[in-house]
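See below for the structure under consideration.
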Amino acid sequence: MTQLTDEDLGDLLTEAFAAHEHLADPDLAVAIASAPGRPRHRGRVLLAAAAAVALVAVGTSYVVTRGSEQALLSDPDRPGPTTVGDHQPPLPPLETDAENRAAAVREADRVAAVLAAYPGAHETDAAGVPELDDTTLSSVHPQGHTVVRSRFWTVSGATASGVAHWYAAHPPAGFRSGGRNAVGGQGDGRTWIYEVDDTQPGVDQLTGSGTSVELQTTKRSAGVGVRATVSTVWLPARPVASFVQDVSSIDVRSTHVRYGRQVGRTHRSFTVSAAADMLRAAVAFNDLPGMTPIPLPCPMMRDLYTDRIVFHTATGDVSAVGTSSACGSGMVVRRDGHLVSPQLGAASTLRDVLGLHH
Amino acid sequence: MSETQGYAALVAARAPALLRLAVMLTGDRTEAEDLLQATLLRTLRHADRIAAMAAPAAYLRRALVHEHVSGVRRLGRRVRTTPLEGQDVADDQTPTADQRDATWRLLSTLPRQQRAVLVLRFYEDLPDRDIAAALGCSEPTVRSNASRALATLRTRLTQTEEVRP
């Protein structure tokens with residue numbers, strides 16, 4: 001044959017690379033770069049400076065799904081529990097973003113209204129405490145999915161530390177602050193801001209949902225400035241196309257990577273075909289909440305699981321690809337190859353049902 | 001936006017391109033995903049510093065290439081001589097497509113550093129100066145590796161042609 005020149009080889013290589021670009025799934029790349037998680041607080045992170053940082057996607061745009069909604073719902077305009085014919089499992093109550101956001105607004109308003117005030121404090125507005133503007137907030141929440149309400153006070157005859165400890169001992173009803181040890185802080189070399197974080201016990205923090213309160217106090221030229229910031233995160237609603245019914249089989253491929261002095265990898269592949277097992281997996285999958293990834297500082301993860309779960313259903317294939325680690329989990333969903341937003345959180349529950357313990 | 005957020009946004013934006021590069025370097029979908037994950041885990045430790053860099057994307061690319069090439073020191077060279085399992089091969093039976101697929105398979109037989117040079121030159125379209133920076137070697141070393149890699153491919157492609165019925 002004719003001897004290939006370097007230029008010929010270069011062209012061949014360029015073609016060979018281009019022909020295999022499709023092996024790199026861009027959405028899976030984003031999922032790998034994402035570690036879904038709960039709101040975190042910079043003050044605590046600073047105290048744990050030795051910890052490494054895990055990273056997260058700040059949002060992904062998705063193609064609007066098409067497909068089998070009509071086959072799944074008799075009346076797609078009317079959300080609610082759906083049991084069309086003998087389809088199994090029945091769909092969970094459908095949510096909408098507008099409803100979820102409205103509920104978050106109500107909750108943020110409610111919590112802001114019942115915040116305790118330090119004895120003798122004088123309520124003011126943001127202009128009354130310019131030292132505690134928005135740039136000083138430590139909490140990180142999903143952009144576009146958080147309702148924020150703030151209140152401000154000034155206090156005379158007290159120290160900023162003393163006021164912060166008082167707030168740590170008086171969290172709003174239904175919240176906890178961790179007591180006296182909960183007071184953290186941040187400084188820029190000139191001023192110091194004390195911080196107290198109040199969270200709700202029992203809230204599923206892996207999905208980043210729920211309400212938190214960030215309390216800040218700082219010394220002023222006269223007295224103490226106080227800011228209370230209520231943040232309520234609302235979860236994106238799942239569209240009908242992201243649910244599964246009438247599953248005929250489930251293909252699972254899972255990879256476990258353990259990081260340490262040496263990196264260890266194990267792979268598992270299997271197919272679920274028993275009716276009861278498929279139904280349990282479908283119910284678990286349909287129960288996963290929508291999720292909005294956020295930047296998340298977290299300790300270095302030791303184990304990382306990457307799963308590809310494909311539900312073969314009467315109305316097409318639904319795949320869920322995602323990662324799980326100590327920092328959280330998330331899944332990207334496709335129906336018949338088309339992306340369906342949002343990503344799903346708390347994927348570890350589905351992993352448990354599928355027995356994905358390497 | 002904080003530096004951590006800036007790094008998160010950077011990684012989210014660059015992840016698809018990094019994964020494509022990882023596929024070219026490894027020749028394997030799963031290994032590429034592992035490589036990307038390992039690289040991100042390693043770079044997380046320097047998130048704030050990277051976010052403040054003038055060319056953070058180039059740093060991430062360099063980290064990915066280094067992670068891949070250094071793997072040969074940890075694990076020893078693995079040579080793949082069989083078609084890649086479970087991966088798509090073009091149906092097109094034209095000679096060009098055959099050569100292209102043969103080239104892709106033969107890439108897996110090259111030492112990692114040589115393959116990395118070819119990927120950075122012919123896929124990333126980088127000049128030798130940038131390839132040298134990404135690999136942490138000199139430009140003459142880049143040219144030497146490229147020359148050897150192309151010579152190997154030329155020989156093996158010729159052998160492939162000769163044995164094909």
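Ordered as shown in the structure tokens, chains take letters A, B, and onward, while each chain numbers its residues from 1 and ligands are numbered from 1 in the order shown.
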For this session: Could the residues of chain B within 7 Å of chain A, counting only C-alpha atoms, be given as an NGL selection string, please?
Result: :B and (5 or 8-9 or 11-12 or 15-16 or 19-20 or 23-24 or 29 or 37 or 44-45 or 100-101 or 103-104 or 122-123 or 150 or 154)
For this session: Looking only at alpha helix (DSSP H) from DSSP on the backbone, list the matching residues of stretch 203-354 of chain A as a PyMOL selection string.
Result: chain A and resi 275-287+348-354
For this session: Report the residues of stretch 193-276 of chain A whose backbone DSSP state falls under strand (DSSP E), written as a VMD selection string.
Result: chain A and resid 193 to 199 210 to 219 224 to 233 247 to 258 264 to 272
Include N, CA and C atoms and write out the residues we just selected as a compact mmCIF listing (two decimals), in the first residue's frame.
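again_14.txt was written with the following content:
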```
# COMPACT_ATOMS: atom_id res chain seq x y z
N ILE A 193 -17.59 39.53 62.14
CA ILE A 193 -19.03 39.25 62.13
C ILE A 193 -19.23 37.89 62.78
N TYR A 194 -20.02 37.89 63.87
CA TYR A 194 -20.37 36.62 64.50
C TYR A 194 -21.54 36.00 63.73
N GLU A 195 -21.54 34.69 63.64
CA GLU A 195 -22.58 34.00 62.87
C GLU A 195 -23.17 32.84 63.67
N VAL A 196 -24.46 32.69 63.53
CA VAL A 196 -25.17 31.53 64.09
C VAL A 196 -26.06 30.99 62.98
N ASP A 197 -26.02 29.68 62.79
CA ASP A 197 -26.84 29.06 61.75
C ASP A 197 -27.90 28.18 62.40
N ASP A 198 -29.15 28.45 62.09
CA ASP A 198 -30.26 27.65 62.60
C ASP A 198 -30.79 26.77 61.47
N THR A 199 -30.93 25.48 61.76
CA THR A 199 -31.45 24.56 60.75
C THR A 199 -32.60 23.77 61.32
N GLY A 210 -35.75 22.87 52.35
CA GLY A 210 -36.03 23.33 53.69
C GLY A 210 -35.59 24.75 53.93
N THR A 211 -35.70 25.16 55.20
CA THR A 211 -35.43 26.54 55.58
C THR A 211 -34.28 26.60 56.56
N SER A 212 -33.45 27.60 56.43
CA SER A 212 -32.38 27.84 57.39
C SER A 212 -32.34 29.34 57.71
N VAL A 213 -31.76 29.64 58.86
CA VAL A 213 -31.67 31.03 59.30
C VAL A 213 -30.20 31.34 59.59
N GLU A 214 -29.70 32.40 59.01
CA GLU A 214 -28.34 32.84 59.30
C GLU A 214 -28.43 34.10 60.14
N LEU A 215 -27.92 34.02 61.35
CA LEU A 215 -27.93 35.16 62.26
C LEU A 215 -26.55 35.79 62.28
N GLN A 216 -26.46 37.10 62.12
CA GLN A 216 -25.17 37.78 62.13
C GLN A 216 -25.22 38.94 63.12
N THR A 217 -24.14 39.13 63.83
CA THR A 217 -24.01 40.30 64.69
C THR A 217 -22.62 40.90 64.47
N THR A 218 -22.54 42.22 64.61
CA THR A 218 -21.22 42.85 64.47
C THR A 218 -21.20 44.15 65.27
N LYS A 219 -20.01 44.50 65.71
CA LYS A 219 -19.85 45.72 66.49
C LYS A 219 -19.94 46.94 65.57
N VAL A 224 -24.50 47.37 68.63
CA VAL A 224 -24.33 46.14 67.85
C VAL A 224 -25.39 46.12 66.74
N GLY A 225 -24.97 45.71 65.57
CA GLY A 225 -25.91 45.50 64.47
C GLY A 225 -26.26 44.02 64.36
N VAL A 226 -27.51 43.74 64.06
CA VAL A 226 -27.97 42.34 63.97
C VAL A 226 -28.72 42.16 62.64
N ARG A 227 -28.45 41.06 61.99
CA ARG A 227 -29.21 40.70 60.79
C ARG A 227 -29.62 39.23 60.90
N ALA A 228 -30.88 38.97 60.60
CA ALA A 228 -31.39 37.59 60.52
C ALA A 228 -31.85 37.37 59.08
N THR A 229 -31.32 36.33 58.46
CA THR A 229 -31.65 36.05 57.06
C THR A 229 -32.28 34.66 56.96
N VAL A 230 -33.50 34.63 56.55
CA VAL A 230 -34.23 33.37 56.37
C VAL A 230 -34.12 32.95 54.90
N SER A 231 -33.68 31.72 54.68
CA SER A 231 -33.56 31.21 53.31
C SER A 231 -34.35 29.91 53.18
N THR A 232 -35.31 29.91 52.31
CA THR A 232 -36.11 28.69 52.07
C THR A 232 -35.86 28.23 50.65
N VAL A 233 -35.36 27.01 50.53
CA VAL A 233 -35.06 26.44 49.22
C VAL A 233 -36.25 25.63 48.74
N VAL A 247 -42.78 -1.15 33.84
CA VAL A 247 -41.39 -1.49 33.56
C VAL A 247 -41.28 -2.97 33.20
N SER A 248 -40.58 -3.26 32.10
CA SER A 248 -40.43 -4.66 31.69
C SER A 248 -39.08 -5.24 32.13
N SER A 249 -38.08 -4.38 32.30
CA SER A 249 -36.79 -4.83 32.84
C SER A 249 -35.96 -3.59 33.17
N ILE A 250 -34.93 -3.80 33.97
CA ILE A 250 -34.06 -2.69 34.37
C ILE A 250 -32.61 -3.15 34.20
N ASP A 251 -31.87 -2.42 33.40
CA ASP A 251 -30.44 -2.70 33.23
C ASP A 251 -29.64 -1.77 34.15
N VAL A 252 -28.72 -2.37 34.87
CA VAL A 252 -27.94 -1.59 35.84
C VAL A 252 -26.46 -1.80 35.58
N ARG A 253 -25.73 -0.71 35.53
CA ARG A 253 -24.27 -0.81 35.50
C ARG A 253 -23.73 0.17 36.52
N SER A 254 -22.90 -0.31 37.41
CA SER A 254 -22.42 0.54 38.50
C SER A 254 -20.91 0.40 38.64
N THR A 255 -20.27 1.52 38.84
CA THR A 255 -18.82 1.54 39.06
C THR A 255 -18.54 2.17 40.41
N HIS A 256 -17.70 1.52 41.18
CA HIS A 256 -17.29 2.05 42.48
C HIS A 256 -15.81 2.36 42.44
N VAL A 257 -15.49 3.60 42.74
CA VAL A 257 -14.09 4.00 42.81
C VAL A 257 -13.77 4.36 44.26
N ARG A 258 -12.77 3.72 44.79
CA ARG A 258 -12.33 4.04 46.16
C ARG A 258 -10.99 4.74 46.07
N GLY A 264 -8.88 2.09 43.81
CA GLY A 264 -9.48 0.80 43.50
C GLY A 264 -10.79 0.98 42.77
N ARG A 265 -11.04 0.15 41.77
CA ARG A 265 -12.28 0.25 41.00
C ARG A 265 -12.94 -1.11 40.90
N THR A 266 -14.25 -1.13 41.08
CA THR A 266 -15.00 -2.35 40.83
C THR A 266 -16.22 -2.00 39.99
N HIS A 267 -16.63 -2.93 39.17
CA HIS A 267 -17.77 -2.71 38.28
C HIS A 267 -18.80 -3.81 38.52
N ARG A 268 -20.06 -3.45 38.40
CA ARG A 268 -21.13 -4.44 38.48
C ARG A 268 -22.14 -4.15 37.39
N SER A 269 -22.62 -5.20 36.76
CA SER A 269 -23.67 -5.06 35.76
C SER A 269 -24.68 -6.18 35.97
N PHE A 270 -25.95 -5.85 35.95
CA PHE A 270 -26.97 -6.89 36.06
C PHE A 270 -28.29 -6.34 35.54
N THR A 271 -29.22 -7.26 35.35
CA THR A 271 -30.55 -6.90 34.87
C THR A 271 -31.59 -7.33 35.89
N VAL A 272 -32.49 -6.43 36.21
CA VAL A 272 -33.59 -6.75 37.12
C VAL A 272 -34.80 -7.11 36.27
```
Exercise. Of the residues A:Pro201, A:Gly162, A:Gly316, A:Pro130, which is the one nearest to A:Gln245, using only C-alpha atoms?
Worked result: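 Smallest distance to A:Gln245 is found for A:Gly316.
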Exercise. How many Å separate atom CA of A:Met278 from atom CA of A:Ala241?
Worked result: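 These atoms are spaced 18.2 Å apart.
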For this session: Pick out the closest residue to B:Arg143 from this set: B:Val117, B:Ala58, B:Leu157, B:Thr43. Count only C-alpha atoms.
Result: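 Distance minimum relative to B:Arg143 lands on B:Val117.
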Near A:Met331, counting only C-alpha atoms, which residues have an atom at most 7 Å away, once you skip same-chain residues fewer than 2 positions from it, shown as a short mmCIF file (atom, residue, chain, number, x, y, z; two decimals) with all heavy atoms, in the first residue's frame?
```cif
data_model
loop_
_atom_site.label_atom_id
_atom_site.label_comp_id
_atom_site.auth_asym_id
_atom_site.auth_seq_id
_atom_site.Cartn_x
_atom_site.Cartn_y
_atom_site.Cartn_z
N ALA A 320 -31.26 6.78 33.94
CA ALA A 320 -30.82 7.66 35.01
C ALA A 320 -29.34 7.42 35.22
O ALA A 320 -28.92 6.29 35.47
CB ALA A 320 -31.59 7.38 36.29
N VAL A 321 -28.57 8.45 35.06
CA VAL A 321 -27.11 8.34 35.20
C VAL A 321 -26.68 9.34 36.25
O VAL A 321 -27.05 10.51 36.20
CB VAL A 321 -26.39 8.65 33.87
CG1 VAL A 321 -24.88 8.56 34.04
CG2 VAL A 321 -26.86 7.69 32.79
N GLY A 322 -25.90 8.87 37.19
CA GLY A 322 -25.49 9.82 38.22
C GLY A 322 -24.40 9.29 39.10
O GLY A 322 -23.89 8.20 38.91
N THR A 323 -24.05 10.11 40.06
CA THR A 323 -22.99 9.78 40.99
C THR A 323 -23.50 9.87 42.41
O THR A 323 -24.42 10.64 42.71
CB THR A 323 -21.79 10.73 40.84
OG1 THR A 323 -22.25 12.08 41.04
CG2 THR A 323 -21.18 10.63 39.46
N VAL A 333 -31.59 12.45 34.10
CA VAL A 333 -32.60 11.55 33.55
C VAL A 333 -32.80 11.84 32.06
O VAL A 333 -32.80 12.99 31.62
CB VAL A 333 -33.94 11.73 34.29
CG1 VAL A 333 -35.02 10.82 33.71
CG2 VAL A 333 -33.76 11.46 35.77
N GLN A 343 -32.48 17.47 37.47
CA GLN A 343 -31.76 16.35 38.02
C GLN A 343 -32.51 15.85 39.26
O GLN A 343 -33.30 16.58 39.85
CB GLN A 343 -30.34 16.75 38.44
CG GLN A 343 -29.41 17.03 37.28
CD GLN A 343 -27.96 17.20 37.73
OE1 GLN A 343 -27.48 16.47 38.60
NE2 GLN A 343 -27.28 18.17 37.15
N LEU A 344 -32.24 14.61 39.64
CA LEU A 344 -32.89 14.04 40.81
C LEU A 344 -31.89 13.88 41.95
O LEU A 344 -30.75 13.49 41.72
CB LEU A 344 -33.50 12.68 40.47
CG LEU A 344 -34.47 12.66 39.28
CD1 LEU A 344 -35.05 11.27 39.10
CD2 LEU A 344 -35.59 13.68 39.48
N GLY A 345 -32.35 14.18 43.14
CA GLY A 345 -31.48 14.06 44.31
C GLY A 345 -31.78 12.81 45.10
O GLY A 345 -32.68 12.03 44.77
N ALA A 347 -30.37 10.04 45.39
CA ALA A 347 -30.36 8.81 44.60
C ALA A 347 -29.92 7.60 45.40
O ALA A 347 -30.10 6.46 44.95
CB ALA A 347 -29.45 8.99 43.38
#
```
For this session: Go through A:Val155, A:Tyr167, A:Trp234, A:Leu132 one by one, measure the shortest atom-to-atom distance of each to A:Val105 using only C-alpha atoms, and give the residue with the smallest value.
Result: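 The answer is A:Trp234, which sits nearest to A:Val105.
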For this session: Using only C-alpha atoms, determine which residues lie at most 10 Å from A:Ala98, disregarding the query and same-chain residues fewer than 6 positions distant; provide the list as a PyMOL selection string.
Result: chain A and resi 104+234+236-237
Exercise. Which residue out of A:Ala282, A:Val114, A:Ala222, A:Ala160 has the minimum interatomic distance to A:Gly185 when only C-alpha atoms are used?
Worked result: A:Ala160
